[in-house]
Amino acid sequence: MKDSIYDKLIRITAKENVLKDEPLKEHLYTKLGGKTDYYVTPENYGEVQEIVRLANKEDVDFTLLGNGSNLIVRDGGIRGIVMNLQKLSSIKREGDAVIAESGARIIDTSRYALQERLSGLEFACGIPGSVGGALYMNAGAYGGEVKDVLRSALVCTKDGELKTLQADELDLNYRTSNIPDNGYIVLEATFDLKEGAYEEIKAVMDDLTEKRESKQPLEYPSCGSVFKRPPGYFAGKLIQDSNLQGVQIGGAQVSTKHAGFIVNVDDATANEYIKLIEHVQATVYEKFGVALEREVRIIGEEKQ
């Protein structure tokens, strides 16, 4: 009998790193989403390469999942292999650079830089995503973004090869990069920082943390800021001025604390969440003629 994909996966990585029929809502900030056939958490770069090559060889669907802070998975889930790099989370210093693996949280990377008295990542102290996700979308906040401090990235190509790319090879722009188009899997990032005074760096981070906690609905599951900022406007203000705050479809609600967020207040389905996003887009366009573009990604299958 031919070995199953599961059998082949557990020859690449430890058995406990491969889960079958795993509900993805357990792994996403939104607490939304159906199951995947195989949920894999490799422990090193070699395992990542082998899993990518296996998916290619067996012609199995393959999806990379960060920590899901900017992602909605539909209720039908994702077929094939879903890989999460949460176990690749080391952070270290080399000179005035910080090298962080893809699965490390960008928040933790900014805190590590603070402890090392290195300045440049203060803006990231409240961004909930992983380092890999931060590069994927050139994450930013409070006037800073990844492209300001990134020197290079080590990636695994869609063929399973390792490659080091300089920051300018990633086409980092407002909430975009060429990482998805090229099928790159970010394994680590090197950030160029500068020596600074601990108290000054901490003061900036404390100020940004206070702003975030006072304005954002962190008490509920969400995917963060849902929409990109439209030129000349603020998405949250347009949504607020459209009288959409508090509007609810099922368990999904336009946050009463920050209109740019949609929160899961009562065990929402992905379908309810997506319908509310579309309702917000339609209402804002009808009222102001502004087309809100999603910052959050939506992937996976509809529930049958």
# chains A, B, ... in the order shown; residues from 1 in each chain; ligands from 1
>>> residues_around(residues="Gly224 of chain A", least_positions_apart="2", cutoff="7 Å", atoms="only C-alpha atoms", output="ChimeraX atom specification")
/A:69-70,222,226,261
>>> residues_around(residues="Thr256 of chain A", least_positions_apart="4", cutoff="10 Å", atoms="only C-alpha atoms", output="mmCIF file with all heavy atoms, in the first residue's frame")
data_model
loop_
_atom_site.group_PDB
_atom_site.id
_atom_site.type_symbol
_atom_site.label_atom_id
_atom_site.label_comp_id
_atom_site.auth_asym_id
_atom_site.auth_seq_id
_atom_site.Cartn_x
_atom_site.Cartn_y
_atom_site.Cartn_z
ATOM 1 N N GLN A 216 -7.601 50.592 20.483
ATOM 2 C CA GLN A 216 -7.936 49.383 19.743
ATOM 3 C C GLN A 216 -8.689 48.376 20.613
ATOM 4 O O GLN A 216 -8.421 48.257 21.805
ATOM 5 C CB GLN A 216 -6.653 48.739 19.181
ATOM 6 C CG GLN A 216 -5.953 49.633 18.159
ATOM 7 C CD GLN A 216 -4.719 48.971 17.558
ATOM 8 O OE1 GLN A 216 -4.488 47.774 17.707
ATOM 9 N NE2 GLN A 216 -3.923 49.755 16.863
ATOM 10 N N PRO A 217 -9.624 47.633 20.005
ATOM 11 C CA PRO A 217 -10.463 46.685 20.760
ATOM 12 C C PRO A 217 -9.740 45.355 21.003
ATOM 13 O O PRO A 217 -10.103 44.320 20.450
ATOM 14 C CB PRO A 217 -11.673 46.509 19.840
ATOM 15 C CG PRO A 217 -11.107 46.692 18.460
ATOM 16 C CD PRO A 217 -10.015 47.723 18.588
ATOM 17 N N GLN A 240 -16.885 55.271 10.486
ATOM 18 C CA GLN A 240 -17.589 55.952 11.584
ATOM 19 C C GLN A 240 -18.627 56.920 11.024
ATOM 20 O O GLN A 240 -19.789 56.944 11.479
ATOM 21 C CB GLN A 240 -16.550 56.715 12.413
ATOM 22 C CG GLN A 240 -17.011 57.139 13.785
ATOM 23 C CD GLN A 240 -15.853 57.738 14.580
ATOM 24 O OE1 GLN A 240 -14.689 57.567 14.253
ATOM 25 N NE2 GLN A 240 -16.199 58.451 15.628
ATOM 26 N N LEU A 244 -21.625 53.115 10.901
ATOM 27 C CA LEU A 244 -21.512 51.665 10.887
ATOM 28 C C LEU A 244 -20.987 51.076 12.198
ATOM 29 O O LEU A 244 -21.002 49.855 12.380
ATOM 30 C CB LEU A 244 -20.584 51.227 9.739
ATOM 31 C CG LEU A 244 -21.181 51.352 8.330
ATOM 32 C CD1 LEU A 244 -20.093 51.266 7.269
ATOM 33 C CD2 LEU A 244 -22.234 50.279 8.096
ATOM 34 N N GLN A 245 -20.517 51.913 13.103
ATOM 35 C CA GLN A 245 -19.992 51.377 14.359
ATOM 36 C C GLN A 245 -21.082 50.647 15.125
ATOM 37 O O GLN A 245 -22.193 51.162 15.288
ATOM 38 C CB GLN A 245 -19.385 52.489 15.218
ATOM 39 C CG GLN A 245 -17.921 52.737 14.869
ATOM 40 C CD GLN A 245 -17.248 53.690 15.824
ATOM 41 O OE1 GLN A 245 -17.569 54.888 15.816
ATOM 42 N NE2 GLN A 245 -16.326 53.208 16.625
ATOM 43 N N GLY A 246 -20.770 49.452 15.570
ATOM 44 C CA GLY A 246 -21.734 48.639 16.303
ATOM 45 C C GLY A 246 -22.603 47.757 15.429
ATOM 46 O O GLY A 246 -23.320 46.888 15.931
ATOM 47 N N VAL A 247 -22.554 47.992 14.102
ATOM 48 C CA VAL A 247 -23.346 47.146 13.201
ATOM 49 C C VAL A 247 -22.828 45.710 13.280
ATOM 50 O O VAL A 247 -21.618 45.465 13.333
ATOM 51 C CB VAL A 247 -23.269 47.677 11.748
ATOM 52 C CG1 VAL A 247 -23.828 46.660 10.757
ATOM 53 C CG2 VAL A 247 -24.020 48.988 11.629
ATOM 54 N N GLY A 260 -12.229 50.943 12.441
ATOM 55 C CA GLY A 260 -11.406 50.235 11.459
ATOM 56 C C GLY A 260 -11.246 48.760 11.759
ATOM 57 O O GLY A 260 -10.631 48.029 10.978
ATOM 58 N N PHE A 261 -11.796 48.320 12.899
ATOM 59 C CA PHE A 261 -11.676 46.924 13.309
ATOM 60 C C PHE A 261 -13.033 46.237 13.245
ATOM 61 O O PHE A 261 -14.059 46.836 13.579
ATOM 62 C CB PHE A 261 -11.164 46.825 14.751
ATOM 63 C CG PHE A 261 -9.699 47.124 14.910
ATOM 64 C CD1 PHE A 261 -9.192 48.388 14.649
ATOM 65 C CD2 PHE A 261 -8.812 46.142 15.335
ATOM 66 C CE1 PHE A 261 -7.847 48.675 14.801
ATOM 67 C CE2 PHE A 261 -7.465 46.412 15.497
ATOM 68 C CZ PHE A 261 -6.973 47.681 15.225
ATOM 69 N N ILE A 262 -13.022 44.975 12.831
ATOM 70 C CA ILE A 262 -14.208 44.125 12.946
ATOM 71 C C ILE A 262 -13.858 43.033 13.935
ATOM 72 O O ILE A 262 -12.821 42.362 13.802
ATOM 73 C CB ILE A 262 -14.621 43.545 11.580
ATOM 74 C CG1 ILE A 262 -15.142 44.686 10.682
ATOM 75 C CG2 ILE A 262 -15.683 42.463 11.746
ATOM 76 C CD1 ILE A 262 -15.508 44.251 9.278
ATOM 77 N N VAL A 263 -14.696 42.870 14.947
ATOM 78 C CA VAL A 263 -14.363 41.960 16.053
ATOM 79 C C VAL A 263 -15.342 40.792 16.109
ATOM 80 O O VAL A 263 -16.487 40.887 15.687
ATOM 81 C CB VAL A 263 -14.342 42.718 17.403
ATOM 82 C CG1 VAL A 263 -13.131 43.640 17.484
ATOM 83 C CG2 VAL A 263 -15.629 43.519 17.619
#
>>> select_by_dssp(residues="segment 33-139 of chain A", states="strand (DSSP E)", output="ChimeraX atom specification")
/A:35-40,62-65,71-73,78-84,91-94,97-101,118-119
>>> select_by_dssp(residues="segment 38-169 of chain A", states="helix (DSSP H, G or I)", output="VMD selection string")
chain A and resid 45 to 58 106 to 115 122 to 126 131 to 136 146 to 148 167 to 169
>>> closest_residue(among="A:Val296, A:Val82, A:Ala113, A:Leu172", to="Asp37 of chain A", atoms="only C-alpha atoms")
A:Val82
>>> residues_around(residues="segment 145-160 of chain A", least_positions_apart="6", cutoff="7 Å", atoms="only C-alpha atoms", output="PDB file with N, CA and C atoms, in the first residue's frame")
ATOM      1  N   GLN A  49      12.254  22.806   3.974  1.00  0.00           N
ATOM      2  CA  GLN A  49      12.608  22.483   2.586  1.00  0.00           C
ATOM      3  C   GLN A  49      12.018  21.141   2.160  1.00  0.00           C
ATOM      4  N   GLU A  50      12.127  20.143   3.031  1.00  0.00           N
ATOM      5  CA  GLU A  50      11.626  18.809   2.691  1.00  0.00           C
ATOM      6  C   GLU A  50      10.108  18.780   2.547  1.00  0.00           C
ATOM      7  N   VAL A  52       8.191  21.336   1.631  1.00  0.00           N
ATOM      8  CA  VAL A  52       7.889  22.016   0.363  1.00  0.00           C
ATOM      9  C   VAL A  52       8.118  21.064  -0.813  1.00  0.00           C
ATOM     10  N   ARG A  53       9.225  20.337  -0.782  1.00  0.00           N
ATOM     11  CA  ARG A  53       9.533  19.394  -1.875  1.00  0.00           C
ATOM     12  C   ARG A  53       8.529  18.247  -1.925  1.00  0.00           C
ATOM     13  N   GLY A 120      15.042  51.391  16.406  1.00  0.00           N
ATOM     14  CA  GLY A 120      14.597  51.252  15.027  1.00  0.00           C
ATOM     15  C   GLY A 120      13.333  50.426  14.888  1.00  0.00           C
ATOM     16  N   ALA A 134       5.178  39.990   8.975  1.00  0.00           N
ATOM     17  CA  ALA A 134       5.521  41.421   8.905  1.00  0.00           C
ATOM     18  C   ALA A 134       6.249  41.743   7.600  1.00  0.00           C
ATOM     19  N   LEU A 135       7.119  40.821   7.150  1.00  0.00           N
ATOM     20  CA  LEU A 135       7.800  41.026   5.875  1.00  0.00           C
ATOM     21  C   LEU A 135       6.832  40.844   4.708  1.00  0.00           C
ATOM     22  N   ASN A 138       4.915  43.981   4.572  1.00  0.00           N
ATOM     23  CA  ASN A 138       5.596  45.220   4.960  1.00  0.00           C
ATOM     24  C   ASN A 138       4.793  45.931   6.051  1.00  0.00           C
ATOM     25  N   ALA A 139       4.646  45.238   7.161  1.00  0.00           N
ATOM     26  CA  ALA A 139       3.837  45.756   8.268  1.00  0.00           C
ATOM     27  C   ALA A 139       4.393  47.080   8.778  1.00  0.00           C
ATOM     28  N   GLN A 166      18.290  40.692  -0.514  1.00  0.00           N
ATOM     29  CA  GLN A 166      18.409  42.014   0.101  1.00  0.00           C
ATOM     30  C   GLN A 166      17.023  42.667   0.143  1.00  0.00           C
ATOM     31  N   ALA A 167      16.857  43.608   1.055  1.00  0.00           N
ATOM     32  CA  ALA A 167      15.542  44.243   1.237  1.00  0.00           C
ATOM     33  C   ALA A 167      14.994  44.814  -0.070  1.00  0.00           C
ATOM     34  N   LEU A 172       9.235  46.059  -1.291  1.00  0.00           N
ATOM     35  CA  LEU A 172       8.416  46.426  -0.141  1.00  0.00           C
ATOM     36  C   LEU A 172       7.763  47.790  -0.371  1.00  0.00           C
ATOM     37  N   GLY A 183       6.133  33.129  -4.218  1.00  0.00           N
ATOM     38  CA  GLY A 183       5.989  31.901  -3.444  1.00  0.00           C
ATOM     39  C   GLY A 183       7.092  31.689  -2.428  1.00  0.00           C
ATOM     40  N   TYR A 184       7.705  32.794  -1.960  1.00  0.00           N
ATOM     41  CA  TYR A 184       8.779  32.679  -0.973  1.00  0.00           C
ATOM     42  C   TYR A 184       8.210  32.349   0.414  1.00  0.00           C
ATOM     43  N   ILE A 185       8.960  31.560   1.159  1.00  0.00           N
ATOM     44  CA  ILE A 185       8.677  31.333   2.573  1.00  0.00           C
ATOM     45  C   ILE A 185       9.796  32.013   3.350  1.00  0.00           C
ATOM     46  N   VAL A 186       9.480  33.046   4.088  1.00  0.00           N
ATOM     47  CA  VAL A 186      10.500  33.749   4.873  1.00  0.00           C
ATOM     48  C   VAL A 186      10.916  32.848   6.045  1.00  0.00           C
ATOM     49  N   LEU A 187      12.229  32.652   6.189  1.00  0.00           N
ATOM     50  CA  LEU A 187      12.747  31.854   7.301  1.00  0.00           C
ATOM     51  C   LEU A 187      13.374  32.725   8.375  1.00  0.00           C
ATOM     52  N   GLU A 188      14.026  33.804   7.962  1.00  0.00           N
ATOM     53  CA  GLU A 188      14.567  34.745   8.956  1.00  0.00           C
ATOM     54  C   GLU A 188      14.764  36.110   8.324  1.00  0.00           C
ATOM     55  N   ALA A 189      14.810  37.122   9.180  1.00  0.00           N
ATOM     56  CA  ALA A 189      14.990  38.499   8.740  1.00  0.00           C
ATOM     57  C   ALA A 189      16.117  39.142   9.535  1.00  0.00           C
ATOM     58  N   THR A 190      16.908  39.958   8.852  1.00  0.00           N
ATOM     59  CA  THR A 190      17.969  40.722   9.510  1.00  0.00           C
ATOM     60  C   THR A 190      17.600  42.201   9.476  1.00  0.00           C
ATOM     61  N   PHE A 191      17.489  42.789  10.668  1.00  0.00           N
ATOM     62  CA  PHE A 191      17.103  44.193  10.796  1.00  0.00           C
ATOM     63  C   PHE A 191      18.323  45.035  11.173  1.00  0.00           C
ATOM     64  N   ASP A 192      18.557  46.108  10.428  1.00  0.00           N
ATOM     65  CA  ASP A 192      19.643  47.041  10.729  1.00  0.00           C
ATOM     66  C   ASP A 192      19.147  48.081  11.724  1.00  0.00           C
ATOM     67  N   LEU A 193      19.708  48.085  12.919  1.00  0.00           N
ATOM     68  CA  LEU A 193      19.272  49.009  13.964  1.00  0.00           C
ATOM     69  C   LEU A 193      20.433  49.894  14.398  1.00  0.00           C
TER      70      LEU A 193
END
>>> closest_atom_pairs(of="segment 53-145 of chain A", to="segment 6-27 of chain A", cutoff="12 Å", atoms="only C-alpha atoms", output="tab-separated table")
residue	atom	partner	partner_atom	distance
A:Arg53	CA	A:Ile12	CA	10.9
A:Leu54	CA	A:Lys8	CA	8.0
A:Ala55	CA	A:Leu9	CA	9.8
A:Lys57	CA	A:Lys8	CA	11.5
A:Glu58	CA	A:Lys8	CA	10.2
A:Val60	CA	A:Tyr6	CA	11.7
A:Leu65	CA	A:His27	CA	9.1
A:Gly66	CA	A:His27	CA	9.1
A:Asn67	CA	A:His27	CA	6.8
A:Gly68	CA	A:His27	CA	6.9
A:Ser69	CA	A:His27	CA	9.5
A:Leu71	CA	A:His27	CA	10.7
A:Ile72	CA	A:Lys25	CA	9.2
A:Val73	CA	A:Leu24	CA	7.6
A:Arg74	CA	A:Leu24	CA	9.7
A:Asp75	CA	A:Lys25	CA	9.2
A:Gly76	CA	A:Pro23	CA	10.2
A:Gly77	CA	A:Leu24	CA	7.2
A:Ile78	CA	A:Leu24	CA	8.6
A:Arg79	CA	A:Asp21	CA	9.6
A:Gly80	CA	A:Asp21	CA	10.0
A:Ile81	CA	A:Lys20	CA	9.5
A:Val82	CA	A:Leu24	CA	9.3
A:Met83	CA	A:Val18	CA	9.4
A:Asn84	CA	A:His27	CA	9.3
A:Leu85	CA	A:Asn17	CA	10.8
A:Gln86	CA	A:His27	CA	10.4
A:Lys87	CA	A:Asn17	CA	9.6
>>> atom_distance(atom1="atom CA of Gly33 of chain A", atom2="atom CA of Gln253 of chain A")
16.8 Å
>>> closest_atom_pairs(of="segment 99-146 of chain A", to="segment 203-210 of chain A", cutoff="10 Å", atoms="only C-alpha atoms", output="CSV")
residue,atom,partner,partner_atom,distance
A:Ser110,CA,A:Met205,CA,8.9
A:Arg111,CA,A:Met205,CA,8.9
A:Leu114,CA,A:Met205,CA,8.9
A:Leu121,CA,A:Met205,CA,9.1
A:Glu122,CA,A:Met205,CA,5.5
A:Phe123,CA,A:Met205,CA,7.4
A:Ala124,CA,A:Met205,CA,8.6
A:Cys125,CA,A:Met205,CA,6.2
A:Gly126,CA,A:Thr209,CA,6.1
A:Ile127,CA,A:Thr209,CA,9.8
A:Ala141,CA,A:Leu208,CA,9.2
A:Tyr142,CA,A:Leu208,CA,7.6
>>> write_last_selection(atoms="N, CA, C and O atoms", output="short mmCIF file (atom, residue, chain, number, x, y, z; two decimals), in the first residue's frame")
data_model
loop_
_atom_site.label_atom_id
_atom_site.label_comp_id
_atom_site.auth_asym_id
_atom_site.auth_seq_id
_atom_site.Cartn_x
_atom_site.Cartn_y
_atom_site.Cartn_z
N SER A 110 10.89 43.48 18.76
CA SER A 110 11.09 44.87 19.17
C SER A 110 11.48 44.95 20.65
O SER A 110 12.31 45.78 21.04
N ARG A 111 10.93 44.05 21.47
CA ARG A 111 11.30 44.04 22.90
C ARG A 111 12.73 43.55 23.09
O ARG A 111 13.45 44.03 23.97
N LEU A 114 14.95 46.41 22.37
CA LEU A 114 14.98 47.32 23.53
C LEU A 114 15.99 46.82 24.57
O LEU A 114 16.82 47.60 25.06
N LEU A 121 13.10 49.55 15.87
CA LEU A 121 11.91 48.68 15.81
C LEU A 121 10.82 49.12 16.78
O LEU A 121 9.86 48.37 17.00
N GLU A 122 10.93 50.32 17.30
CA GLU A 122 9.92 50.78 18.27
C GLU A 122 8.52 50.73 17.68
O GLU A 122 7.55 50.37 18.38
N PHE A 123 8.37 51.09 16.40
CA PHE A 123 7.05 51.13 15.77
C PHE A 123 6.34 49.78 15.82
O PHE A 123 5.12 49.69 15.75
N ALA A 124 7.12 48.69 15.93
CA ALA A 124 6.56 47.34 15.85
C ALA A 124 6.11 46.79 17.20
O ALA A 124 5.63 45.66 17.28
N CYS A 125 6.21 47.60 18.26
CA CYS A 125 5.95 47.07 19.61
C CYS A 125 4.49 46.70 19.83
O CYS A 125 4.17 46.05 20.83
N GLY A 126 3.60 47.09 18.93
CA GLY A 126 2.19 46.73 19.09
C GLY A 126 1.63 45.94 17.92
O GLY A 126 0.44 45.68 17.87
N ILE A 127 2.49 45.55 16.96
CA ILE A 127 2.01 44.80 15.79
C ILE A 127 1.94 43.32 16.17
O ILE A 127 2.95 42.73 16.57
N ALA A 141 3.33 50.74 11.53
CA ALA A 141 2.44 51.43 12.48
C ALA A 141 3.13 52.69 12.95
O ALA A 141 4.36 52.74 13.03
N TYR A 142 2.34 53.68 13.25
CA TYR A 142 2.84 54.92 13.86
C TYR A 142 4.07 55.49 13.13
O TYR A 142 5.06 55.88 13.74
#
>>> closest_residue(among="A:Ser119, A:Asn44, A:Ile239, A:Ser4", to="Tyr198 of chain A", atoms="only C-alpha atoms")
A:Ser119
>>> atom_distance(atom1="atom CA of Glu43 of chain A", atom2="atom CA of Glu161 of chain A")
16.9 Å
>>> residues_around(residues="Ala235 of chain A", least_positions_apart="6", cutoff="12 Å", atoms="only C-alpha atoms", output="ChimeraX atom specification")
/A:225-229,241-242,244,258-261,280-281,284-285,288,290-295
>>> write_last_selection(atoms="N, CA and C atoms", output="CSV table (one decimal), in the first residue's frame")
chain,number,residue,atom,x,y,z
A,225,SER,N,-6.5,45.8,11.8
A,225,SER,CA,-7.0,46.8,10.9
A,225,SER,C,-7.5,46.1,9.6
A,226,VAL,N,-8.7,46.2,9.3
A,226,VAL,CA,-9.3,45.4,8.2
A,226,VAL,C,-8.9,46.1,6.8
A,227,PHE,N,-8.9,47.4,6.8
A,227,PHE,CA,-8.7,48.1,5.5
A,227,PHE,C,-7.5,48.9,5.4
A,228,LYS,N,-6.9,49.0,4.2
A,228,LYS,CA,-5.8,49.9,3.9
A,228,LYS,C,-6.3,51.3,4.0
A,229,ARG,N,-5.4,52.2,4.3
A,229,ARG,CA,-5.8,53.6,4.3
A,229,ARG,C,-6.0,54.2,2.9
A,241,ASP,N,-18.2,57.7,10.0
A,241,ASP,CA,-19.1,58.7,9.4
A,241,ASP,C,-20.3,58.1,8.6
A,242,SER,N,-20.1,56.8,8.3
A,242,SER,CA,-21.2,56.1,7.7
A,242,SER,C,-22.1,55.4,8.6
A,244,LEU,N,-21.6,53.1,10.9
A,244,LEU,CA,-21.5,51.7,10.9
A,244,LEU,C,-21.0,51.1,12.2
A,258,HIS,N,-13.1,51.2,17.8
A,258,HIS,CA,-12.3,51.7,16.7
A,258,HIS,C,-13.0,51.1,15.4
A,259,ALA,N,-13.5,52.0,14.6
A,259,ALA,CA,-14.3,51.6,13.5
A,259,ALA,C,-13.5,50.9,12.4
A,260,GLY,N,-12.2,50.9,12.4
A,260,GLY,CA,-11.4,50.2,11.5
A,260,GLY,C,-11.2,48.8,11.8
A,261,PHE,N,-11.8,48.3,12.9
A,261,PHE,CA,-11.7,46.9,13.3
A,261,PHE,C,-13.0,46.2,13.2
A,280,VAL,N,-19.6,46.9,4.9
A,280,VAL,CA,-18.9,48.1,5.2
A,280,VAL,C,-18.4,48.7,3.9
A,281,GLN,N,-17.8,47.9,3.0
A,281,GLN,CA,-17.2,48.4,1.7
A,281,GLN,C,-18.4,49.1,0.9
A,284,VAL,N,-19.7,52.4,2.6
A,284,VAL,CA,-18.8,53.6,2.5
A,284,VAL,C,-18.7,54.1,1.0
A,285,TYR,N,-18.7,53.1,0.1
A,285,TYR,CA,-18.7,53.5,-1.3
A,285,TYR,C,-19.9,54.3,-1.7
A,288,PHE,N,-19.7,57.8,0.3
A,288,PHE,CA,-18.5,58.7,0.0
A,288,PHE,C,-17.8,58.5,-1.3
A,290,VAL,N,-15.8,56.2,-2.0
A,290,VAL,CA,-14.4,55.7,-1.7
A,290,VAL,C,-14.5,54.2,-1.6
A,291,ALA,N,-13.6,53.5,-2.4
A,291,ALA,CA,-13.5,52.1,-2.4
A,291,ALA,C,-12.5,51.6,-1.4
A,292,LEU,N,-13.0,51.1,-0.3
A,292,LEU,CA,-12.0,50.6,0.7
A,292,LEU,C,-11.4,49.2,0.3
A,293,GLU,N,-10.1,49.2,0.3
A,293,GLU,CA,-9.4,48.0,-0.1
A,293,GLU,C,-9.0,47.2,1.2
A,294,ARG,N,-9.2,45.9,1.2
A,294,ARG,CA,-8.9,45.1,2.3
A,294,ARG,C,-7.4,45.0,2.5
A,295,GLU,N,-7.0,45.1,3.8
A,295,GLU,CA,-5.7,44.8,4.2
A,295,GLU,C,-5.6,43.4,4.6
>>> atom_distance(atom1="atom CA of Lys163 of chain A", atom2="atom CA of Asn56 of chain A")
18.1 Å
>>> closest_residue(among="A:Ala197, A:Lys35, A:Pro231, A:Lys287", to="Glu301 of chain A", atoms="only C-alpha atoms")
A:Lys35
>>> closest_residue(among="A:Lys92, A:Glu302, A:Gln248, A:Gly133", to="His279 of chain A", atoms="only C-alpha atoms")
A:Gln248
